[in-house]
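Dropping structure-v2.txt in here (compact mmCIF, C-alpha atoms and all ligand atoms):
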# COMPACT_ATOMS: atom_id res chain seq x y z
CA MET Q 1091 66.39 100.56 79.11
CA ASN Q 1092 66.24 103.88 77.31
CA LEU Q 1093 65.95 107.11 79.26
CA LEU Q 1094 62.28 107.76 78.51
CA GLU Q 1095 61.34 104.32 79.89
CA GLN Q 1096 63.08 105.17 83.16
CA ILE Q 1097 60.94 108.27 83.69
CA ASP Q 1098 57.93 107.97 86.00
CA LEU Q 1099 55.28 109.57 83.81
CA ASN Q 1100 52.99 110.02 86.83
CA ASN Q 1101 55.57 112.20 88.54
CA THR Q 1102 56.78 114.58 85.85
CA PRO Q 1103 56.76 118.31 86.60
CA GLU Q 1104 53.68 120.24 85.56
CA HIS Q 1105 55.84 123.21 84.56
CA VAL Q 1106 59.42 123.26 83.26
CA ALA Q 1107 61.18 126.54 82.52
CA ILE Q 1108 64.33 126.69 80.38
CA ILE Q 1109 67.03 129.33 79.98
CA MET Q 1110 68.11 128.46 76.45
CA ASP Q 1111 71.73 129.57 76.49
CA GLY Q 1112 74.85 128.98 74.42
CA ASN Q 1113 73.73 129.67 70.84
CA GLY Q 1114 76.53 132.18 70.24
CA ARG Q 1115 79.28 129.91 71.54
CA TRP Q 1116 77.88 127.01 69.54
CA ALA Q 1117 78.00 129.09 66.35
CA LYS Q 1118 81.53 130.27 67.10
CA LYS Q 1119 82.68 126.66 67.46
CA GLN Q 1120 81.43 126.06 63.89
CA GLY Q 1121 83.18 129.20 62.67
CA GLN Q 1122 79.80 130.86 62.04
CA ILE Q 1123 78.14 134.10 63.10
CA ARG Q 1124 75.98 134.14 66.24
CA LEU Q 1125 72.69 134.19 64.31
CA TYR Q 1126 73.54 130.81 62.83
CA GLY Q 1127 73.39 129.45 66.37
CA HIS Q 1128 70.05 131.11 67.08
CA ASN Q 1129 68.63 129.52 63.91
CA PHE Q 1130 69.76 126.08 65.01
CA GLY Q 1131 68.33 126.72 68.45
CA VAL Q 1132 64.84 126.59 66.92
CA GLU Q 1133 65.33 122.89 66.16
CA SER Q 1134 66.05 122.25 69.84
CA VAL Q 1135 62.82 124.06 70.73
CA ARG Q 1136 60.89 121.69 68.43
CA GLU Q 1137 62.51 118.63 70.02
CA VAL Q 1138 62.02 119.81 73.57
CA LEU Q 1139 58.37 120.65 72.93
CA LYS Q 1140 57.78 117.14 71.54
CA ALA Q 1141 59.53 115.56 74.51
CA ALA Q 1142 57.54 117.74 76.94
CA LYS Q 1143 54.30 116.48 75.38
CA GLU Q 1144 55.43 112.87 75.64
CA MET Q 1145 56.15 113.43 79.33
CA LYS Q 1146 52.74 115.05 79.94
CA ILE Q 1147 54.32 118.36 80.98
CA LYS Q 1148 51.61 121.02 80.90
CA TYR Q 1149 53.67 124.23 80.80
CA LEU Q 1150 56.97 124.75 79.02
CA THR Q 1151 58.40 128.24 79.50
CA LEU Q 1152 61.30 129.28 77.29
CA TYR Q 1153 63.47 132.33 77.93
CA ALA Q 1154 63.82 133.57 74.37
CA PHE Q 1155 64.75 137.25 74.79
CA SER Q 1156 65.59 139.13 77.96
CA THR Q 1157 65.17 142.84 78.61
CA GLU Q 1158 68.96 143.01 78.85
CA ASN Q 1159 69.37 141.37 75.42
CA TRP Q 1160 68.47 144.74 73.80
CA ASN Q 1161 72.01 145.77 74.69
CA ARG Q 1162 73.47 143.33 72.14
CA PRO Q 1163 74.76 144.55 68.75
CA LYS Q 1164 71.96 145.91 66.55
CA GLU Q 1165 72.33 143.21 63.84
CA GLU Q 1166 71.93 140.47 66.41
CA VAL Q 1167 68.84 142.04 67.98
CA GLU Q 1168 67.28 142.56 64.54
CA GLY Q 1169 68.19 139.02 63.52
CA LEU Q 1170 66.58 137.63 66.66
CA MET Q 1171 63.36 139.61 66.16
CA ASP Q 1172 63.25 138.50 62.54
CA LEU Q 1173 63.81 134.87 63.56
CA LEU Q 1174 61.03 135.17 66.10
CA ILE Q 1175 58.56 136.49 63.52
CA ARG Q 1176 59.49 133.85 60.93
CA THR Q 1177 59.42 131.03 63.45
CA ILE Q 1178 56.04 131.90 64.93
CA ALA Q 1179 54.50 132.41 61.47
CA GLY Q 1180 56.06 129.19 60.15
CA GLU Q 1181 55.16 126.99 63.12
CA VAL Q 1182 51.69 128.18 64.09
CA ASP Q 1183 49.77 125.58 62.05
CA GLU Q 1184 51.81 122.70 63.35
CA LEU Q 1185 51.54 124.00 66.91
CA ASN Q 1186 47.80 124.26 66.51
CA GLU Q 1187 47.44 120.75 65.07
CA GLY Q 1188 49.56 119.44 67.94
CA GLY Q 1189 47.26 120.94 70.58
CA VAL Q 1190 49.80 123.53 71.71
CA ARG Q 1191 48.56 126.77 73.25
CA LEU Q 1192 51.05 129.58 72.71
CA MET Q 1193 51.37 132.09 75.54
CA SER Q 1194 53.82 134.88 76.29
CA ILE Q 1195 55.21 136.66 79.33
CA GLY Q 1196 57.24 139.85 79.47
CA ASN Q 1197 56.90 143.38 78.22
CA ILE Q 1198 55.17 142.49 74.95
CA GLU Q 1199 54.26 146.15 74.27
CA GLY Q 1200 57.97 146.87 73.96
CA LEU Q 1201 58.48 144.43 71.05
CA PRO Q 1202 58.54 145.59 67.40
CA GLU Q 1203 55.08 145.75 65.83
CA GLY Q 1204 55.63 142.83 63.42
CA CYS Q 1205 56.54 140.64 66.34
CA ARG Q 1206 53.57 141.67 68.42
CA GLU Q 1207 51.20 141.02 65.53
CA GLU Q 1208 52.54 137.54 64.73
CA LEU Q 1209 52.46 136.65 68.40
CA LYS Q 1210 48.92 137.90 68.89
CA LYS Q 1211 47.69 136.02 65.81
CA ALA Q 1212 49.31 132.77 66.93
CA GLN Q 1213 47.99 133.18 70.47
CA THR Q 1214 44.45 133.68 69.20
CA ILE Q 1215 44.62 130.72 66.80
CA THR Q 1216 45.93 128.36 69.49
CA SER Q 1217 43.98 129.75 72.45
CA LYS Q 1218 41.64 126.76 72.86
CA ASN Q 1219 44.35 124.10 72.81
CA LYS Q 1220 44.84 121.97 75.88
CA GLU Q 1221 47.67 119.51 75.26
CA ILE Q 1222 50.47 121.80 76.45
CA ASN Q 1223 51.08 125.52 77.07
CA LEU Q 1224 54.20 126.87 75.38
CA VAL Q 1225 55.10 130.08 77.19
CA LEU Q 1226 57.60 132.36 75.44
CA ALA Q 1227 59.41 134.82 77.70
CA LEU Q 1228 59.97 137.80 75.40
CA ASN Q 1229 61.41 141.13 76.42
CA TYR Q 1230 61.16 139.55 79.85
CA SER Q 1231 63.01 140.36 83.02
CA SER Q 1232 61.89 139.47 86.49
CA ARG Q 1233 62.76 142.85 87.99
CA TRP Q 1234 60.74 144.57 85.26
CA GLU Q 1235 57.83 142.22 85.99
CA ILE Q 1236 57.96 142.80 89.76
CA THR Q 1237 58.33 146.58 89.34
CA ASN Q 1238 55.36 146.56 86.99
CA ALA Q 1239 53.31 144.61 89.55
CA VAL Q 1240 54.23 147.13 92.26
CA HIS Q 1241 53.05 150.00 90.02
CA GLU Q 1242 49.73 148.31 89.38
CA ILE Q 1243 49.19 147.46 93.03
CA ALA Q 1244 50.12 151.00 94.09
CA ALA Q 1245 47.63 152.43 91.58
CA LYS Q 1246 44.86 150.25 93.06
CA ILE Q 1247 45.75 151.42 96.56
CA GLU Q 1248 45.78 155.04 95.40
CA SER Q 1249 42.34 154.67 93.84
CA GLY Q 1250 41.00 153.01 96.98
CA GLU Q 1251 40.26 149.66 95.25
CA LEU Q 1252 42.76 147.88 97.47
CA LYS Q 1253 43.96 148.36 101.07
CA ALA Q 1254 47.72 148.37 101.68
CA ASN Q 1255 47.24 145.92 104.54
CA ASP Q 1256 45.47 143.44 102.31
CA VAL Q 1257 48.45 143.04 100.00
CA ASN Q 1258 49.83 139.53 100.48
CA GLU Q 1259 51.90 137.02 98.47
CA LEU Q 1260 48.88 136.01 96.43
CA THR Q 1261 48.19 139.65 95.48
CA ILE Q 1262 51.73 139.97 94.14
CA THR Q 1263 51.50 136.64 92.30
CA ASN Q 1264 48.28 137.81 90.66
CA PHE Q 1265 49.90 140.96 89.27
CA LEU Q 1266 52.82 139.15 87.62
CA SER Q 1267 52.66 138.23 83.93
CA THR Q 1268 52.69 134.58 85.01
CA ASN Q 1269 49.47 134.98 87.02
CA SER Q 1270 47.64 132.16 85.24
CA ILE Q 1271 50.64 129.81 85.29
CA PRO Q 1272 51.75 127.57 88.18
CA ASP Q 1273 55.32 128.03 89.47
CA PRO Q 1274 57.84 125.80 87.69
CA GLU Q 1275 58.94 122.69 89.56
CA LEU Q 1276 62.10 122.54 87.43
CA LEU Q 1277 64.34 125.18 85.86
CA ILE Q 1278 66.98 124.11 83.33
CA ARG Q 1279 69.86 126.27 82.14
CA THR Q 1280 72.09 125.10 79.31
CA SER Q 1281 75.66 126.10 78.37
CA GLY Q 1282 77.36 125.69 81.72
CA GLU Q 1283 76.43 129.08 83.17
CA HIS Q 1284 75.27 128.91 86.77
CA ARG Q 1285 73.07 131.97 87.02
CA ILE Q 1286 69.45 133.03 86.70
CA SER Q 1287 69.94 136.19 84.60
CA ASN Q 1288 66.80 137.96 85.82
CA PHE Q 1289 64.42 135.09 85.01
CA LEU Q 1290 61.34 134.23 87.13
CA LEU Q 1291 62.91 135.36 90.42
CA TRP Q 1292 59.63 135.32 92.35
CA GLN Q 1293 58.35 132.13 90.77
CA ILE Q 1294 61.42 129.93 91.40
CA ALA Q 1295 61.42 130.26 95.19
CA TYR Q 1296 61.15 126.45 95.55
CA THR Q 1297 62.03 125.33 92.04
CA GLU Q 1298 64.63 122.61 91.48
CA LEU Q 1299 67.57 123.95 89.45
CA TYR Q 1300 69.34 121.88 86.80
CA PHE Q 1301 72.45 123.06 85.01
CA THR Q 1302 74.02 121.32 82.03
CA GLU Q 1303 77.14 122.04 79.98
CA VAL Q 1304 75.28 121.23 76.75
CA LEU Q 1305 74.89 124.28 74.48
CA TRP Q 1306 71.28 125.00 73.52
CA PRO Q 1307 71.54 124.01 69.82
CA ASP Q 1308 72.88 120.61 70.96
CA PHE Q 1309 70.16 120.13 73.61
CA LYS Q 1310 67.93 117.32 72.37
CA LYS Q 1311 65.26 114.97 73.74
CA GLU Q 1312 67.74 112.74 75.56
CA ASP Q 1313 69.21 115.76 77.36
CA PHE Q 1314 65.71 116.75 78.46
CA TYR Q 1315 64.97 113.22 79.68
CA LYS Q 1316 68.20 113.33 81.71
CA ALA Q 1317 67.08 116.55 83.39
CA ILE Q 1318 63.69 115.05 84.27
CA LEU Q 1319 65.31 111.89 85.67
CA ASP Q 1320 67.59 114.04 87.80
CA TYR Q 1321 64.55 115.99 89.02
CA GLN Q 1322 62.76 112.75 89.89
CA SER Q 1323 65.70 111.67 92.05
CA ARG Q 1324 65.42 114.74 94.30
CA GLU Q 1325 63.52 115.24 97.51
CA ARG Q 1326 61.59 118.51 97.62
CA ARG Q 1327 61.24 119.45 101.27
CA PHE Q 1328 59.77 122.96 101.16
CA GLY Q 1329 61.39 123.82 104.48
CA MET Q 1330 60.21 120.65 106.24
CA VAL Q 1331 62.19 117.56 107.27
CA SER Q 1332 62.56 114.39 105.25
CA GLU Q 1333 60.23 112.28 107.46
CA GLN Q 1334 57.37 114.67 106.90
CA ILE Q 1335 57.70 114.34 103.14
CA THR Q 1336 58.00 110.57 102.90
CA LYS Q 1337 55.34 109.48 105.38
C1 LIG Q 1401 70.99 132.29 74.11
O1 LIG Q 1401 72.23 132.15 73.51
C2 LIG Q 1401 70.00 133.01 73.22
C3 LIG Q 1401 69.67 134.37 73.64
C4 LIG Q 1401 70.12 134.96 74.72
C5 LIG Q 1401 68.75 135.10 72.78
P1 LIG Q 1401 73.33 133.30 73.57
O2 LIG Q 1401 73.14 134.17 72.39
O3 LIG Q 1401 73.31 133.96 74.88
O4 LIG Q 1401 74.68 132.46 73.39
P2 LIG Q 1401 76.03 132.63 74.20
O5 LIG Q 1401 75.67 132.57 75.65
O6 LIG Q 1401 76.60 133.95 73.82
O7 LIG Q 1401 76.86 131.47 73.77
C1 LIG Q 1402 69.72 134.67 79.28
O1 LIG Q 1402 70.86 134.43 78.53
C2 LIG Q 1402 68.62 135.17 78.41
C3 LIG Q 1402 68.08 134.21 77.43
C4 LIG Q 1402 68.40 132.95 77.33
C5 LIG Q 1402 67.07 134.73 76.55
P1 LIG Q 1402 72.01 135.53 78.39
O2 LIG Q 1402 73.07 134.91 77.56
O3 LIG Q 1402 71.46 136.80 77.91
O4 LIG Q 1402 72.47 135.72 79.90
P2 LIG Q 1402 73.86 136.24 80.50
O5 LIG Q 1402 74.13 137.55 79.85
O6 LIG Q 1402 74.89 135.23 80.15
O7 LIG Q 1402 73.63 136.31 81.96
MG MG Q 1403 74.21 133.61 76.64

Please lay out the structure from this file as structure tokens.
Amino acid sequence: MNLLEQIDLNNTPEHVAIIMDGNGRWAKKQGQIRLYGHNFGVESVREVLKAAKEMKIKYLTLYAFSTENWNRPKEEVEGLMDLLIRTIAGEVDELNEGGVRLMSIGNIEGLPEGCREELKKAQTITSKNKEINLVLALNYSSRWEITNAVHEIAAKIESGELKANDVNELTITNFLSTNSIPDPELLIRTSGEHRISNFLLWQIAYTELYFTEVLWPDFKKEDFYKAILDYQSRERRFGMVSEQITK
């Protein structure tokens, strides 16, 4: 039986988030520059998006550029921004025809203008689509997002719109850039690194974590199916005991 047939399509996660890591190491192994790896990574995005649709996943969040990634060499940052612009512009029609709604999280204001424009255009074109939400995390870091939420909440308290005592978990959730998106049930990180790198810290409180050695440009449908099968073998207890979950 192939892997897809083993997956229970009635029990796939609604939201999968992926830290797409390992492009640079992949390129180095081929004797190429890092940008070569980023280019190939786009093909993995296409595959994973297709597989997500097959598995009826409703939200696919991809960590494409972190706030800390600005600290990379200038040529790499420029190459990544350029790749982002070209990819969004080149894919938007196909995304639209495939029922994909493009969304973004992160400090979008801080992206170069060309990037912001392409992103905005694609988000408008695809805004009515319902098949799947493709969420790009761009200039994203969780600590930035939480700090930003605190600023906004504090401003509302200062203006008297909100009482300090009324601030609860839901208030905070509502001020994050993921406010319209359910928490991910599964987080995948490729390339053998076992860390979160400032991604969705608030949102992954009860998320299942899956780490694979596969480098992002090599991550294909079968690797995604494997992650989902692993997820389906787990028991999510949310602080309770096994008997409470299975009854
Ligand atoms: C992930 O691959 C892509 C981005 C962070 C933009 P890396 O570029 O981090 O590749 P490695 O981790 O150096 O191999
Ligand atoms: C995380 O990967 C960010 C993205 C995948 C966009 P990094 O390669 O930047 O993370 P670290 O530096 O290894 O933690
Ligand atoms: Mg990396």

In Å and to one decimal, atom CA of Asn1100 of chain Q is distant from atom CA of Lys1143 of chain Q by 13.2 Å

Near-ligand residues for ligand LIG 1402 (chain Q), threshold 7 Å, only C-alpha atoms and all ligand atoms, as a CSV table (one decimal) with C-alpha atoms, in the frame of the given file:
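Writing the result to pocket-v1.csv gives the following:
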chain,number,residue,atom,x,y,z
Q,1109,ILE,CA,67.0,129.3,80.0
Q,1110,MET,CA,68.1,128.5,76.4
Q,1111,ASP,CA,71.7,129.6,76.5
Q,1112,GLY,CA,74.8,129.0,74.4
Q,1153,TYR,CA,63.5,132.3,77.9
Q,1154,ALA,CA,63.8,133.6,74.4
Q,1155,PHE,CA,64.8,137.2,74.8
Q,1156,SER,CA,65.6,139.1,78.0
Q,1158,GLU,CA,69.0,143.0,78.8
Q,1159,ASN,CA,69.4,141.4,75.4
Q,1285,ARG,CA,73.1,132.0,87.0
Q,1287,SER,CA,69.9,136.2,84.6

Residue among Q:Trp1116, Q:Tyr1321, Q:Phe1130, Q:Tyr1149 lying closest to Leu1226 of chain Q, counting all atoms listed in the file: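 The answer is Q:Tyr1149, which sits nearest to Leu1226 of chain Q.
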
The centre and edge lengths of an axis-aligned box containing all atoms of ligand LIG 1401 (chain Q) present in the file, extended by 6 Å on each side, are to be given in Å to one decimal, as lines of an AutoDock Vina configuration file.
center_x = 72.8
center_y = 133.3
center_z = 74.0
size_x = 20.1
size_y = 15.6
size_z = 15.3

Separation of atom CA of Gln1293 of chain Q and atom CA of Thr1157 of chain Q, in Å?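 We find that atom CA of Gln1293 of chain Q and atom CA of Thr1157 of chain Q lie 17.6 Å from each other.
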
Just the number, please: distance in Å from atom CA of Leu1150 of chain Q to atom CA of Ile1222 of chain Q, one decimal.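 The value is 7.6 Å.
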
In terms of the shortest atom-to-atom distance over all atoms listed in the file, which of Q:Glu1325, Q:Glu1312, Q:Glu1187, Q:Glu1137 is closest to Ile1097 of chain Q? Q:Glu1312

Name the closest residue to Val1167 of chain Q among the candidates Q:Asn1229, Q:Thr1302, Q:Thr1336, Q:Ser1270; distances are taken between atoms, counting all atoms listed in the file.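 Looking only at the distances to Val1167 of chain Q, the closest residue turns out to be Q:Asn1229.
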
Counting only C-alpha atoms and all ligand atoms, the option among Q:Leu1173, Q:Arg1162, Q:Phe1328, Q:Glu1104 closest to ligand MG 1403 (chain Q): Q:Arg1162

May I ask which of the residues Q:Glu1298, Q:Glu1133, Q:Asp1320, Q:Glu1166 is the closest one to ligand LIG 1401 (chain Q), counting only C-alpha atoms and all ligand atoms?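 Nearest candidate to ligand LIG 1401 (chain Q) out of Q:Glu1298, Q:Glu1133, Q:Asp1320, Q:Glu1166: Q:Glu1166.
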
Selection: 12 Å around Glu1242 of chain Q, all atoms listed in the file, excl. self and same-chain fewer than 3 positions, as a list in words: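 The neighbour list is Glu1235, Ile1236, Thr1237, Asn1238, Ala1239, Ala1245, Lys1246, Ile1247, Glu1248, Ser1249, Glu1251, Leu1252, Val1257, Thr1261, Ile1262, Asn1264, Phe1265, Leu1266 and Ser1267 of chain Q.
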
Would you save the residues from that selection as a compact mmCIF listing (two decimals), in the coordinates of the input, using C-alpha atoms?
# COMPACT_ATOMS: atom_id res chain seq x y z
CA GLU Q 1235 57.83 142.22 85.99
CA ILE Q 1236 57.96 142.80 89.76
CA THR Q 1237 58.33 146.58 89.34
CA ASN Q 1238 55.36 146.56 86.99
CA ALA Q 1239 53.31 144.61 89.55
CA ALA Q 1245 47.63 152.43 91.58
CA LYS Q 1246 44.86 150.25 93.06
CA ILE Q 1247 45.75 151.42 96.56
CA GLU Q 1248 45.78 155.04 95.40
CA SER Q 1249 42.34 154.67 93.84
CA GLU Q 1251 40.26 149.66 95.25
CA LEU Q 1252 42.76 147.88 97.47
CA VAL Q 1257 48.45 143.04 100.00
CA THR Q 1261 48.19 139.65 95.48
CA ILE Q 1262 51.73 139.97 94.14
CA ASN Q 1264 48.28 137.81 90.66
CA PHE Q 1265 49.90 140.96 89.27
CA LEU Q 1266 52.82 139.15 87.62
CA SER Q 1267 52.66 138.23 83.93
